[in-house]
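Chemist: This is the content of protein.pdb (PDB, C-alpha atoms (C1' of nucleotides)):
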ATOM      1  CA  MET T 359      -3.859  52.987  42.146  1.00  0.00           C
ATOM      2  CA  GLU T 360      -2.204  50.716  39.592  1.00  0.00           C
ATOM      3  CA  THR T 361       1.522  49.942  39.955  1.00  0.00           C
ATOM      4  CA  ILE T 362       3.372  49.005  36.757  1.00  0.00           C
ATOM      5  CA  ALA T 363       6.726  47.160  36.800  1.00  0.00           C
ATOM      6  CA  VAL T 364       9.264  48.155  34.140  1.00  0.00           C
ATOM      7  CA  ILE T 365      12.070  45.646  33.625  1.00  0.00           C
ATOM      8  CA  ASP T 366      15.266  45.422  31.603  1.00  0.00           C
ATOM      9  CA  PHE T 367      17.661  42.490  31.212  1.00  0.00           C
ATOM     10  CA  GLU T 368      21.309  42.436  30.213  1.00  0.00           C
ATOM     11  CA  THR T 369      22.105  39.033  28.745  1.00  0.00           C
ATOM     12  CA  THR T 370      24.791  36.983  27.018  1.00  0.00           C
ATOM     13  CA  GLY T 371      22.870  36.872  23.716  1.00  0.00           C
ATOM     14  CA  MET T 372      19.638  37.407  21.870  1.00  0.00           C
ATOM     15  CA  THR T 373      17.420  34.558  23.000  1.00  0.00           C
ATOM     16  CA  PRO T 374      17.175  31.887  25.716  1.00  0.00           C
ATOM     17  CA  SER T 375      16.354  29.326  23.027  1.00  0.00           C
ATOM     18  CA  GLN T 376      19.983  29.500  21.908  1.00  0.00           C
ATOM     19  CA  GLY T 377      21.394  29.172  25.400  1.00  0.00           C
ATOM     20  CA  ALA T 378      21.690  32.865  26.246  1.00  0.00           C
ATOM     21  CA  ARG T 379      21.322  33.721  29.938  1.00  0.00           C
ATOM     22  CA  ALA T 380      20.607  36.876  31.864  1.00  0.00           C
ATOM     23  CA  THR T 381      23.557  38.643  33.496  1.00  0.00           C
ATOM     24  CA  GLU T 382      21.736  41.546  35.141  1.00  0.00           C
ATOM     25  CA  ILE T 383      18.178  42.704  35.777  1.00  0.00           C
ATOM     26  CA  GLY T 384      16.771  46.118  36.615  1.00  0.00           C
ATOM     27  CA  ALA T 385      13.181  46.632  37.729  1.00  0.00           C
ATOM     28  CA  VAL T 386      11.381  49.924  38.390  1.00  0.00           C
ATOM     29  CA  LEU T 387       7.914  50.372  39.886  1.00  0.00           C
ATOM     30  CA  VAL T 388       5.778  53.212  38.454  1.00  0.00           C
ATOM     31  CA  ARG T 389       2.604  54.445  40.149  1.00  0.00           C
ATOM     32  CA  GLY T 390       0.656  57.553  39.193  1.00  0.00           C
ATOM     33  CA  GLY T 391       3.422  58.783  36.900  1.00  0.00           C
ATOM     34  CA  GLU T 392       6.038  58.543  39.662  1.00  0.00           C
ATOM     35  CA  ILE T 393       8.874  56.071  40.241  1.00  0.00           C
ATOM     36  CA  VAL T 394       8.121  54.471  43.602  1.00  0.00           C
ATOM     37  CA  GLY T 395      10.631  51.620  43.735  1.00  0.00           C
ATOM     38  CA  GLN T 396      13.685  50.168  42.028  1.00  0.00           C
ATOM     39  CA  TYR T 397      15.675  46.925  42.070  1.00  0.00           C
ATOM     40  CA  GLN T 398      18.942  45.951  40.388  1.00  0.00           C
ATOM     41  CA  SER T 399      21.230  42.977  40.625  1.00  0.00           C
ATOM     42  CA  LEU T 400      23.882  41.189  38.640  1.00  0.00           C
ATOM     43  CA  MET T 401      23.100  37.480  38.390  1.00  0.00           C
ATOM     44  CA  TYR T 402      25.481  34.528  38.113  1.00  0.00           C
ATOM     45  CA  SER T 403      24.417  31.624  35.947  1.00  0.00           C
ATOM     46  CA  GLY T 404      27.807  30.099  35.139  1.00  0.00           C
ATOM     47  CA  VAL T 405      27.802  30.954  31.442  1.00  0.00           C
ATOM     48  CA  HIS T 406      30.625  32.824  29.690  1.00  0.00           C
ATOM     49  CA  ILE T 407      30.042  36.412  28.535  1.00  0.00           C
ATOM     50  CA  PRO T 408      31.295  36.924  24.951  1.00  0.00           C
ATOM     51  CA  PRO T 409      33.776  39.818  24.468  1.00  0.00           C
ATOM     52  CA  PHE T 410      31.281  41.770  22.355  1.00  0.00           C
ATOM     53  CA  ILE T 411      28.739  41.702  25.184  1.00  0.00           C
ATOM     54  CA  GLU T 412      31.392  42.632  27.764  1.00  0.00           C
ATOM     55  CA  GLN T 413      32.229  45.671  25.669  1.00  0.00           C
ATOM     56  CA  LEU T 414      28.574  46.568  25.065  1.00  0.00           C
ATOM     57  CA  THR T 415      27.369  46.336  28.666  1.00  0.00           C
ATOM     58  CA  GLY T 416      30.550  46.751  30.698  1.00  0.00           C
ATOM     59  CA  ILE T 417      29.550  43.587  32.588  1.00  0.00           C
ATOM     60  CA  SER T 418      32.569  41.257  32.740  1.00  0.00           C
ATOM     61  CA  ASN T 419      32.993  37.610  33.623  1.00  0.00           C
ATOM     62  CA  ALA T 420      35.033  38.738  36.650  1.00  0.00           C
ATOM     63  CA  MET T 421      32.129  40.892  37.881  1.00  0.00           C
ATOM     64  CA  LEU T 422      29.718  37.962  37.718  1.00  0.00           C
ATOM     65  CA  ARG T 423      31.930  35.602  39.731  1.00  0.00           C
ATOM     66  CA  ASP T 424      30.902  37.413  42.937  1.00  0.00           C
ATOM     67  CA  ALA T 425      27.259  37.966  41.868  1.00  0.00           C
ATOM     68  CA  PRO T 426      24.370  36.160  43.597  1.00  0.00           C
ATOM     69  CA  PRO T 427      22.961  33.074  41.837  1.00  0.00           C
ATOM     70  CA  ALA T 428      20.460  33.804  39.056  1.00  0.00           C
ATOM     71  CA  GLU T 429      17.818  31.708  40.801  1.00  0.00           C
ATOM     72  CA  GLN T 430      18.052  33.788  43.989  1.00  0.00           C
ATOM     73  CA  VAL T 431      17.877  37.066  42.040  1.00  0.00           C
ATOM     74  CA  MET T 432      14.835  35.940  40.061  1.00  0.00           C
ATOM     75  CA  ARG T 433      12.988  34.914  43.228  1.00  0.00           C
ATOM     76  CA  GLU T 434      13.733  38.341  44.712  1.00  0.00           C
ATOM     77  CA  VAL T 435      12.635  40.301  41.648  1.00  0.00           C
ATOM     78  CA  ALA T 436       9.537  38.118  41.225  1.00  0.00           C
ATOM     79  CA  ALA T 437       8.538  39.082  44.769  1.00  0.00           C
ATOM     80  CA  PHE T 438       9.383  42.737  44.055  1.00  0.00           C
ATOM     81  CA  THR T 439       7.088  42.852  40.991  1.00  0.00           C
ATOM     82  CA  ARG T 440       4.384  40.397  42.178  1.00  0.00           C
ATOM     83  CA  GLY T 441       0.959  41.209  40.783  1.00  0.00           C
ATOM     84  CA  CYS T 442       2.174  44.129  38.671  1.00  0.00           C
ATOM     85  CA  PRO T 443       1.500  44.372  34.931  1.00  0.00           C
ATOM     86  CA  MET T 444       4.818  44.630  33.095  1.00  0.00           C
ATOM     87  CA  VAL T 445       6.447  46.997  30.613  1.00  0.00           C
ATOM     88  CA  ALA T 446       9.717  46.678  28.691  1.00  0.00           C
ATOM     89  CA  HIS T 447      11.363  48.288  25.679  1.00  0.00           C
ATOM     90  CA  ASN T 448      11.007  45.641  22.958  1.00  0.00           C
ATOM     91  CA  ALA T 449       9.066  43.486  25.371  1.00  0.00           C
ATOM     92  CA  ALA T 450       9.332  40.339  23.253  1.00  0.00           C
ATOM     93  CA  PHE T 451      13.036  40.233  24.128  1.00  0.00           C
ATOM     94  CA  ASP T 452      12.735  40.805  27.878  1.00  0.00           C
ATOM     95  CA  ARG T 453       9.602  38.676  28.219  1.00  0.00           C
ATOM     96  CA  GLY T 454      11.495  35.715  26.771  1.00  0.00           C
ATOM     97  CA  PHE T 455      14.228  35.980  29.389  1.00  0.00           C
ATOM     98  CA  TRP T 456      11.693  36.796  32.141  1.00  0.00           C
ATOM     99  CA  LEU T 457       9.802  33.572  31.518  1.00  0.00           C
ATOM    100  CA  ALA T 458      12.919  31.428  30.997  1.00  0.00           C
ATOM    101  CA  GLU T 459      14.798  32.679  34.067  1.00  0.00           C
ATOM    102  CA  ARG T 460      11.688  32.532  36.254  1.00  0.00           C
ATOM    103  CA  GLU T 461      11.092  28.937  35.235  1.00  0.00           C
ATOM    104  CA  ARG T 462      14.713  28.009  35.994  1.00  0.00           C
ATOM    105  CA  ALA T 463      14.327  29.628  39.411  1.00  0.00           C
ATOM    106  CA  GLY T 464      11.180  27.640  40.120  1.00  0.00           C
ATOM    107  CA  CYS T 465       8.950  30.718  40.386  1.00  0.00           C
ATOM    108  CA  GLU T 466       5.211  30.170  40.074  1.00  0.00           C
ATOM    109  CA  PRO T 467       3.676  31.677  36.903  1.00  0.00           C
ATOM    110  CA  ASP T 468       2.118  35.109  37.569  1.00  0.00           C
ATOM    111  CA  LEU T 469      -0.900  35.368  35.302  1.00  0.00           C
ATOM    112  CA  ALA T 470      -1.376  39.079  36.123  1.00  0.00           C
ATOM    113  CA  GLN T 471       1.883  39.963  34.433  1.00  0.00           C
ATOM    114  CA  GLU T 472       0.864  40.873  30.905  1.00  0.00           C
ATOM    115  CA  PHE T 473       3.562  42.822  29.036  1.00  0.00           C
ATOM    116  CA  ALA T 474       3.213  46.146  27.266  1.00  0.00           C
ATOM    117  CA  CYS T 475       5.978  47.288  24.922  1.00  0.00           C
ATOM    118  CA  THR T 476       7.293  50.859  24.677  1.00  0.00           C
ATOM    119  CA  VAL T 477       8.647  50.195  21.161  1.00  0.00           C
ATOM    120  CA  LEU T 478       5.212  49.254  19.838  1.00  0.00           C
ATOM    121  CA  LEU T 479       3.537  52.116  21.707  1.00  0.00           C
ATOM    122  CA  SER T 480       6.085  54.642  20.493  1.00  0.00           C
ATOM    123  CA  ARG T 481       5.610  53.500  16.892  1.00  0.00           C
ATOM    124  CA  ARG T 482       1.884  54.202  17.217  1.00  0.00           C
ATOM    125  CA  LEU T 483       1.903  57.348  19.337  1.00  0.00           C
ATOM    126  CA  ASN T 484       5.126  59.064  18.363  1.00  0.00           C
ATOM    127  CA  THR T 485       5.367  58.713  14.604  1.00  0.00           C
ATOM    128  CA  GLU T 486       7.589  61.799  14.223  1.00  0.00           C
ATOM    129  CA  ALA T 487      10.582  60.223  16.012  1.00  0.00           C
ATOM    130  CA  PRO T 488      13.495  59.316  13.705  1.00  0.00           C
ATOM    131  CA  ASN T 489      13.523  55.788  15.139  1.00  0.00           C
ATOM    132  CA  HIS T 490      12.339  54.010  18.262  1.00  0.00           C
ATOM    133  CA  LYS T 491      15.606  52.930  19.879  1.00  0.00           C
ATOM    134  CA  LEU T 492      15.642  53.627  23.610  1.00  0.00           C
ATOM    135  CA  GLY T 493      18.553  56.061  23.378  1.00  0.00           C
ATOM    136  CA  THR T 494      16.969  57.979  20.508  1.00  0.00           C
ATOM    137  CA  LEU T 495      13.652  58.302  22.339  1.00  0.00           C
ATOM    138  CA  ALA T 496      15.428  59.417  25.529  1.00  0.00           C
ATOM    139  CA  SER T 497      17.003  62.296  23.563  1.00  0.00           C
ATOM    140  CA  TRP T 498      13.805  62.970  21.609  1.00  0.00           C
ATOM    141  CA  PHE T 499      11.731  63.387  24.786  1.00  0.00           C
ATOM    142  CA  GLY T 500      14.548  64.969  26.822  1.00  0.00           C
ATOM    143  CA  LEU T 501      14.348  62.213  29.449  1.00  0.00           C
ATOM    144  CA  PRO T 502      16.629  62.330  32.515  1.00  0.00           C
ATOM    145  CA  ASN T 503      20.083  60.785  32.216  1.00  0.00           C
ATOM    146  CA  ASN T 504      20.031  57.624  34.321  1.00  0.00           C
ATOM    147  CA  GLY T 505      23.649  56.547  33.944  1.00  0.00           C
ATOM    148  CA  ARG T 506      25.397  54.189  31.573  1.00  0.00           C
ATOM    149  CA  ALA T 507      23.184  52.858  28.780  1.00  0.00           C
ATOM    150  CA  HIS T 508      23.124  49.066  28.482  1.00  0.00           C
ATOM    151  CA  ARG T 509      23.105  48.629  32.239  1.00  0.00           C
ATOM    152  CA  ALA T 510      19.884  47.153  33.509  1.00  0.00           C
ATOM    153  CA  LEU T 511      18.706  49.733  36.043  1.00  0.00           C
ATOM    154  CA  ALA T 512      19.711  52.701  33.866  1.00  0.00           C
ATOM    155  CA  ASP T 513      17.761  51.298  30.902  1.00  0.00           C
ATOM    156  CA  ALA T 514      14.801  50.323  33.119  1.00  0.00           C
ATOM    157  CA  LEU T 515      14.675  53.867  34.549  1.00  0.00           C
ATOM    158  CA  THR T 516      14.843  55.377  31.053  1.00  0.00           C
ATOM    159  CA  THR T 517      12.065  53.031  29.911  1.00  0.00           C
ATOM    160  CA  ALA T 518      10.000  54.012  32.969  1.00  0.00           C
ATOM    161  CA  HIS T 519      10.355  57.715  32.130  1.00  0.00           C
ATOM    162  CA  LEU T 520       9.466  56.906  28.513  1.00  0.00           C
ATOM    163  CA  LEU T 521       6.382  55.014  29.703  1.00  0.00           C
ATOM    164  CA  VAL T 522       5.207  58.055  31.682  1.00  0.00           C
ATOM    165  CA  ARG T 523       5.679  60.290  28.620  1.00  0.00           C
ATOM    166  CA  LEU T 524       3.705  57.881  26.458  1.00  0.00           C
ATOM    167  CA  GLN T 525       0.930  57.752  29.078  1.00  0.00           C
ATOM    168  CA  ASP T 526       0.903  61.577  29.025  1.00  0.00           C
ATOM    169  CA  LEU T 527       0.622  61.527  25.214  1.00  0.00           C
ATOM    170  CA  VAL T 528      -2.375  59.199  25.422  1.00  0.00           C
ATOM    171  CA  ALA T 529      -3.973  61.291  28.169  1.00  0.00           C
ATOM    172  CA  GLN T 530      -3.583  64.506  26.127  1.00  0.00           C
ATOM    173  CA  ARG T 531      -4.617  63.023  22.789  1.00  0.00           C
ATOM    174  CA  TYR T 532      -7.672  61.227  24.144  1.00  0.00           C
ATOM    175  CA  ALA T 533      -8.620  63.656  26.930  1.00  0.00           C
ATOM    176  CA  ASP T 534     -12.244  63.720  25.751  1.00  0.00           C
ATOM    177  CA  GLN T 535     -12.670  59.961  26.049  1.00  0.00           C
ATOM    178  CA  LEU T 536     -10.612  59.547  29.225  1.00  0.00           C
ATOM    179  CA  GLN T 537     -12.248  62.430  31.116  1.00  0.00           C
ATOM    180  CA  GLY T 538      -9.439  62.580  33.657  1.00  0.00           C
ATOM    181  CA  ARG T 539      -9.207  58.839  34.252  1.00  0.00           C
ATOM    182  CA  PRO T 540      -5.643  57.418  34.409  1.00  0.00           C
ATOM    183  CA  VAL T 541      -4.072  55.697  31.396  1.00  0.00           C
ATOM    184  CA  ARG T 542      -3.992  52.140  32.679  1.00  0.00           C
ATOM    185  CA  HIS T 543      -1.768  49.298  31.511  1.00  0.00           C
ATOM    186  CA  GLU T 544      -4.799  47.568  30.011  1.00  0.00           C
ATOM    187  CA  LEU T 545      -5.317  50.494  27.641  1.00  0.00           C
ATOM    188  CA  LEU T 546      -1.622  50.548  26.690  1.00  0.00           C
ATOM    189  CA  ALA T 547      -1.731  46.825  25.925  1.00  0.00           C
ATOM    190  CA  ALA T 548      -4.789  47.375  23.711  1.00  0.00           C
ATOM    191  CA  LEU T 549      -3.254  50.381  21.936  1.00  0.00           C
ATOM    192  CA  GLN T 550      -0.011  48.569  21.102  1.00  0.00           C
ATOM    193  CA  ARG T 551      -1.980  45.879  19.263  1.00  0.00           C
ATOM    194  CA  ALA T 552      -4.394  48.218  17.485  1.00  0.00           C
ATOM    195  CA  PRO T 553      -3.908  49.176  13.832  1.00  0.00           C
ATOM    196  CA  LYS T 554      -2.595  52.750  13.584  1.00  0.00           C
ATOM    197  CA  THR T 555      -5.753  53.871  11.830  1.00  0.00           C
ATOM    198  CA  GLN T 556      -7.964  52.561  14.649  1.00  0.00           C
ATOM    199  CA  LEU T 557      -6.352  54.057  17.763  1.00  0.00           C
ATOM    200  CA  ASP T 558      -9.337  56.340  18.420  1.00  0.00           C
ATOM    201  CA  ARG T 559     -11.741  53.419  18.213  1.00  0.00           C
ATOM    202  CA  CYS T 560      -9.453  51.356  20.465  1.00  0.00           C
ATOM    203  CA  VAL T 561      -9.504  53.995  23.214  1.00  0.00           C
ATOM    204  CA  ALA T 562     -13.273  54.398  22.980  1.00  0.00           C
ATOM    205  CA  ARG T 563     -13.747  50.629  23.223  1.00  0.00           C
ATOM    206  CA  ALA T 564     -11.380  50.337  26.195  1.00  0.00           C
ATOM    207  CA  GLN T 565     -13.156  53.133  28.035  1.00  0.00           C
ATOM    208  CA  ALA T 566     -16.550  51.638  27.335  1.00  0.00           C
ATOM    209  CA  SER T 567     -15.499  48.301  28.829  1.00  0.00           C
ATOM    210  CA  SER T 568     -13.751  49.717  31.917  1.00  0.00           C
TER     211      SER T 568
ATOM    212  C1'  DT N1195      28.647  25.522   2.071  1.00  0.00           C
ATOM    213  C1'  DG N1196      25.909  28.478   4.324  1.00  0.00           C
ATOM    214  C1'  DC N1197      22.988  29.074   7.702  1.00  0.00           C
ATOM    215  C1'  DC N1198      22.266  29.781  12.554  1.00  0.00           C
ATOM    216  C1'  DA N1199      16.091  34.915  17.128  1.00  0.00           C
ATOM    217  C1'  DG N1200      11.668  36.274  17.095  1.00  0.00           C
ATOM    218  C1'  DG N1201       7.889  39.195  16.916  1.00  0.00           C
ATOM    219  C1'  DC N1202       6.260  43.075  14.826  1.00  0.00           C
ATOM    220  C1'  DC N1203       5.448  46.474  11.009  1.00  0.00           C
ATOM    221  C1'  DC N1204       5.392  48.304   6.249  1.00  0.00           C
ATOM    222  C1'  DT N1205       4.755  47.879   1.402  1.00  0.00           C
ATOM    223  C1'  DC N1206       6.511  48.368  -5.018  1.00  0.00           C
ATOM    224  C1'  DT N1207       2.190  42.687  -0.029  1.00  0.00           C
ATOM    225  C1'  DT N1208      -1.092  38.965   1.022  1.00  0.00           C
ATOM    226  C1'  DT N1209       1.396  32.284  -2.802  1.00  0.00           C
ATOM    227  C1'  DA N1210       6.780  37.822   0.376  1.00  0.00           C
ATOM    228  C1'  DG N1211      10.591  40.220   1.684  1.00  0.00           C
ATOM    229  C1'  DG N1212      13.021  43.370   4.289  1.00  0.00           C
ATOM    230  C1'  DG N1213      13.715  46.475   8.244  1.00  0.00           C
ATOM    231  C1'  DC N1214      13.345  47.442  13.151  1.00  0.00           C
ATOM    232  C1'  DC N1215      14.459  46.512  18.078  1.00  0.00           C
ATOM    233  C1'  DT N1216      16.439  44.041  21.992  1.00  0.00           C
ATOM    234  C1'  DT N1217      21.861  41.637  24.001  1.00  0.00           C
TER     235       DT N1217
END
Have the structure of the file written as structure tokens, please.
Modeler:
Amino acid sequence: METIAVIDFETTGMTPSQGARATEIGAVLVRGGEIVGQYQSLMYSGVHIPPFIEQLTGISNAMLRDAPPAEQVMREVAAFTRGCPMVAHNAAFDRGFWLAERERAGCEPDLAQEFACTVLLSRRLNTEAPNHKLGTLASWFGLPNNGRAHRALADALTTAHLLVRLQDLVAQRYADQLQGRPVRHELLAALQRAPKTQLDRCVARAQASS
DNA sequence: TGCCAGGCCCTCTTTAGGGCCTT
């Protein structure tokens, strides 16, 4: 059975290309609609956390002084998620840090780790929601409270629960095509790229090729 | 002086602009 890794980074800024670094990572493994593993660690990279980010995340410069080196954390989490397809909320953001921090840590590229994005999927599958922020969708779906928002494991757990709900939506909406087969990451990745008017065709195509 | 992310989506679009989403 497929295991999907859901990750979330807390960082010092919006993009590695401007020098931002990760300060914390949370990773959750999802298999068969259940959470089967979780990982969280602060990570020290030597960069200063701006006051705005300290206030947003609650992660302070003092907290990071005793944290393990970023390179060590990335090697651990790379081993934890090895071979798993990935999911994140606004995956373009987390994927950027995932690739940058992995490269810094000297991790080998993992070609199996395609990303699916719960923002893109929610926009296609859940058009009634007022917006597609993680906190809004958690309330909208009545997801479990996983602790302080803007901490990596709490947000990764919320994203994992959101992923399961979105998989359920796909399974219910396309029950005829799926015929009881699980909603795999490959189908999610195809759906998130499909035009809204062609979701039915996308599912039929994915099922025909699987 | 004014700008400083990037990828995606929508529309009063496509030779563009603005909003969303993440820290």
Chemist: Find the residue from N:DG1213, N:DC1202, N:DT1208, N:DG1196 that sits nearest to chain T; use all atoms listed in the file when measuring.
Modeler: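 Closest candidate: N:DC1202.
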Chemist: Which residues, named as in the file, does the PyMOL selection byres ((chain N) within 12 of (chain T)) pick out? Answer as a list in words.
Modeler: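 Given this file, the PyMOL selection byres ((chain N) within 12 of (chain T)) evaluates to DC1198, DA1199, DG1200, DG1201, DC1202, DC1203, DC1204, DG1213, DC1214, DC1215, DT1216 and DT1217 of chain N.
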Chemist: Write the residues of the preceding selection, restricted to C-alpha atoms (C1' of nucleotides), as a compact mmCIF listing (two decimals), keeping the file's coordinate frame.
Modeler:
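Ended up saving to selection.txt:
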# COMPACT_ATOMS: atom_id res chain seq x y z
C1' DC N 1198 22.27 29.78 12.55
C1' DA N 1199 16.09 34.92 17.13
C1' DG N 1200 11.67 36.27 17.10
C1' DG N 1201 7.89 39.20 16.92
C1' DC N 1202 6.26 43.08 14.83
C1' DC N 1203 5.45 46.47 11.01
C1' DC N 1204 5.39 48.30 6.25
C1' DG N 1213 13.72 46.48 8.24
C1' DC N 1214 13.34 47.44 13.15
C1' DC N 1215 14.46 46.51 18.08
C1' DT N 1216 16.44 44.04 21.99
C1' DT N 1217 21.86 41.64 24.00
Chemist: Work out how far apart atom CA of T:Gln530 and atom CA of T:Arg453 are and give it in Å to one decimal.
Modeler: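 Calculated distance between atom CA of T:Gln530 and atom CA of T:Arg453 is 29.1 Å.
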Chemist: Could you spell out the hits of the PyMOL selection byres ((chain T and resi 417-424) around 7) on the shown file, as a ChimeraX atom specification?
Modeler: /T:400-402,406-407,412,415-416,425-426
Chemist: If you count only C-alpha atoms (C1' of nucleotides), which residues fall within 10 Å of T:Leu479, apart from same-chain ones fewer than 3 positions away, as a VMD selection string?
Modeler: chain T and resid 447 to 448 474 to 476 482 to 485 490 521 524 to 525 528 546 to 552
Chemist: Identify, on the basis of all atoms listed in the file, every residue whose closest approach to T:Ser567 does not exceed 12 Å; exclude the query and any residue fewer than 3 positions from it along the same chain; express the result as a list in words.
Modeler: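 The residues that qualify are Glu544, Leu545, Ala548, Cys560, Val561, Ala562, Arg563 and Ala564 of chain T.
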Chemist: By how many Å are atom CA of T:Gly538 and atom CA of T:Ala363 apart?
Modeler: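 Computed distance, atom CA of T:Gly538 to atom CA of T:Ala363, equals 22.6 Å.
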Chemist: Name every residue that the PyMOL selection byres ((chain T and resi 398) around 9) selects in this structure, writing the answer as JSON, numbers by chain with chains first and numbers rising.
Modeler: {"T": [382, 383, 384, 385, 386, 396, 397, 399, 400, 435, 510, 511]}
Chemist: Since the input lacks some atoms of stretch 494-501 of chain T, please model all heavy atoms and print them as a PDB file, in the coordinates of the input.
Modeler:
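Resulting contents of out-v8.pdb:
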ATOM      1  N   THR T 494      17.527  56.928  21.362  1.00  0.00           N
ATOM      2  CA  THR T 494      16.969  57.979  20.508  1.00  0.00           C
ATOM      3  C   THR T 494      15.752  58.615  21.162  1.00  0.00           C
ATOM      4  O   THR T 494      15.612  59.845  21.192  1.00  0.00           O
ATOM      5  CB  THR T 494      16.573  57.393  19.141  1.00  0.00           C
ATOM      6  OG1 THR T 494      17.716  56.806  18.537  1.00  0.00           O
ATOM      7  CG2 THR T 494      15.994  58.470  18.236  1.00  0.00           C
ATOM      8  N   LEU T 495      14.877  57.783  21.723  1.00  0.00           N
ATOM      9  CA  LEU T 495      13.652  58.302  22.339  1.00  0.00           C
ATOM     10  C   LEU T 495      13.971  59.090  23.614  1.00  0.00           C
ATOM     11  O   LEU T 495      13.306  60.081  23.916  1.00  0.00           O
ATOM     12  CB  LEU T 495      12.687  57.155  22.643  1.00  0.00           C
ATOM     13  CG  LEU T 495      12.123  56.456  21.398  1.00  0.00           C
ATOM     14  CD1 LEU T 495      11.307  55.226  21.793  1.00  0.00           C
ATOM     15  CD2 LEU T 495      11.267  57.405  20.571  1.00  0.00           C
ATOM     16  N   ALA T 496      15.021  58.675  24.328  1.00  0.00           N
ATOM     17  CA  ALA T 496      15.428  59.417  25.529  1.00  0.00           C
ATOM     18  C   ALA T 496      15.837  60.837  25.139  1.00  0.00           C
ATOM     19  O   ALA T 496      15.471  61.810  25.812  1.00  0.00           O
ATOM     20  CB  ALA T 496      16.568  58.691  26.236  1.00  0.00           C
ATOM     21  N   SER T 497      16.599  60.962  24.035  1.00  0.00           N
ATOM     22  CA  SER T 497      17.003  62.296  23.563  1.00  0.00           C
ATOM     23  C   SER T 497      15.800  63.060  23.020  1.00  0.00           C
ATOM     24  O   SER T 497      15.632  64.254  23.288  1.00  0.00           O
ATOM     25  CB  SER T 497      18.065  62.164  22.468  1.00  0.00           C
ATOM     26  OG  SER T 497      19.190  61.490  22.954  1.00  0.00           O
ATOM     27  N   TRP T 498      14.968  62.356  22.259  1.00  0.00           N
ATOM     28  CA  TRP T 498      13.805  62.970  21.609  1.00  0.00           C
ATOM     29  C   TRP T 498      12.873  63.612  22.632  1.00  0.00           C
ATOM     30  O   TRP T 498      12.385  64.729  22.441  1.00  0.00           O
ATOM     31  CB  TRP T 498      13.086  61.884  20.811  1.00  0.00           C
ATOM     32  CG  TRP T 498      11.831  62.297  20.128  1.00  0.00           C
ATOM     33  CD1 TRP T 498      10.545  62.126  20.583  1.00  0.00           C
ATOM     34  CD2 TRP T 498      11.709  62.947  18.870  1.00  0.00           C
ATOM     35  NE1 TRP T 498       9.644  62.612  19.679  1.00  0.00           N
ATOM     36  CE2 TRP T 498      10.331  63.125  18.609  1.00  0.00           C
ATOM     37  CE3 TRP T 498      12.634  63.374  17.923  1.00  0.00           C
ATOM     38  CZ2 TRP T 498       9.855  63.728  17.463  1.00  0.00           C
ATOM     39  CZ3 TRP T 498      12.158  63.980  16.777  1.00  0.00           C
ATOM     40  CH2 TRP T 498      10.797  64.149  16.542  1.00  0.00           C
ATOM     41  N   PHE T 499      12.644  62.892  23.751  1.00  0.00           N
ATOM     42  CA  PHE T 499      11.731  63.387  24.786  1.00  0.00           C
ATOM     43  C   PHE T 499      12.459  64.208  25.855  1.00  0.00           C
ATOM     44  O   PHE T 499      11.814  64.746  26.759  1.00  0.00           O
ATOM     45  CB  PHE T 499      11.013  62.219  25.469  1.00  0.00           C
ATOM     46  CG  PHE T 499       9.873  61.652  24.671  1.00  0.00           C
ATOM     47  CD1 PHE T 499       9.947  60.374  24.142  1.00  0.00           C
ATOM     48  CD2 PHE T 499       8.715  62.387  24.461  1.00  0.00           C
ATOM     49  CE1 PHE T 499       8.892  59.835  23.420  1.00  0.00           C
ATOM     50  CE2 PHE T 499       7.656  61.855  23.742  1.00  0.00           C
ATOM     51  CZ  PHE T 499       7.746  60.583  23.216  1.00  0.00           C
ATOM     52  N   GLY T 500      13.813  64.262  25.778  1.00  0.00           N
ATOM     53  CA  GLY T 500      14.548  64.969  26.822  1.00  0.00           C
ATOM     54  C   GLY T 500      14.421  64.296  28.182  1.00  0.00           C
ATOM     55  O   GLY T 500      14.278  64.957  29.212  1.00  0.00           O
ATOM     56  N   LEU T 501      14.495  62.956  28.197  1.00  0.00           N
ATOM     57  CA  LEU T 501      14.348  62.213  29.449  1.00  0.00           C
ATOM     58  C   LEU T 501      15.595  62.375  30.312  1.00  0.00           C
ATOM     59  O   LEU T 501      16.682  62.636  29.792  1.00  0.00           O
ATOM     60  CB  LEU T 501      14.104  60.726  29.149  1.00  0.00           C
ATOM     61  CG  LEU T 501      12.899  60.418  28.263  1.00  0.00           C
ATOM     62  CD1 LEU T 501      12.779  58.907  28.053  1.00  0.00           C
ATOM     63  CD2 LEU T 501      11.625  60.981  28.874  1.00  0.00           C
TER      64      LEU T 501
END
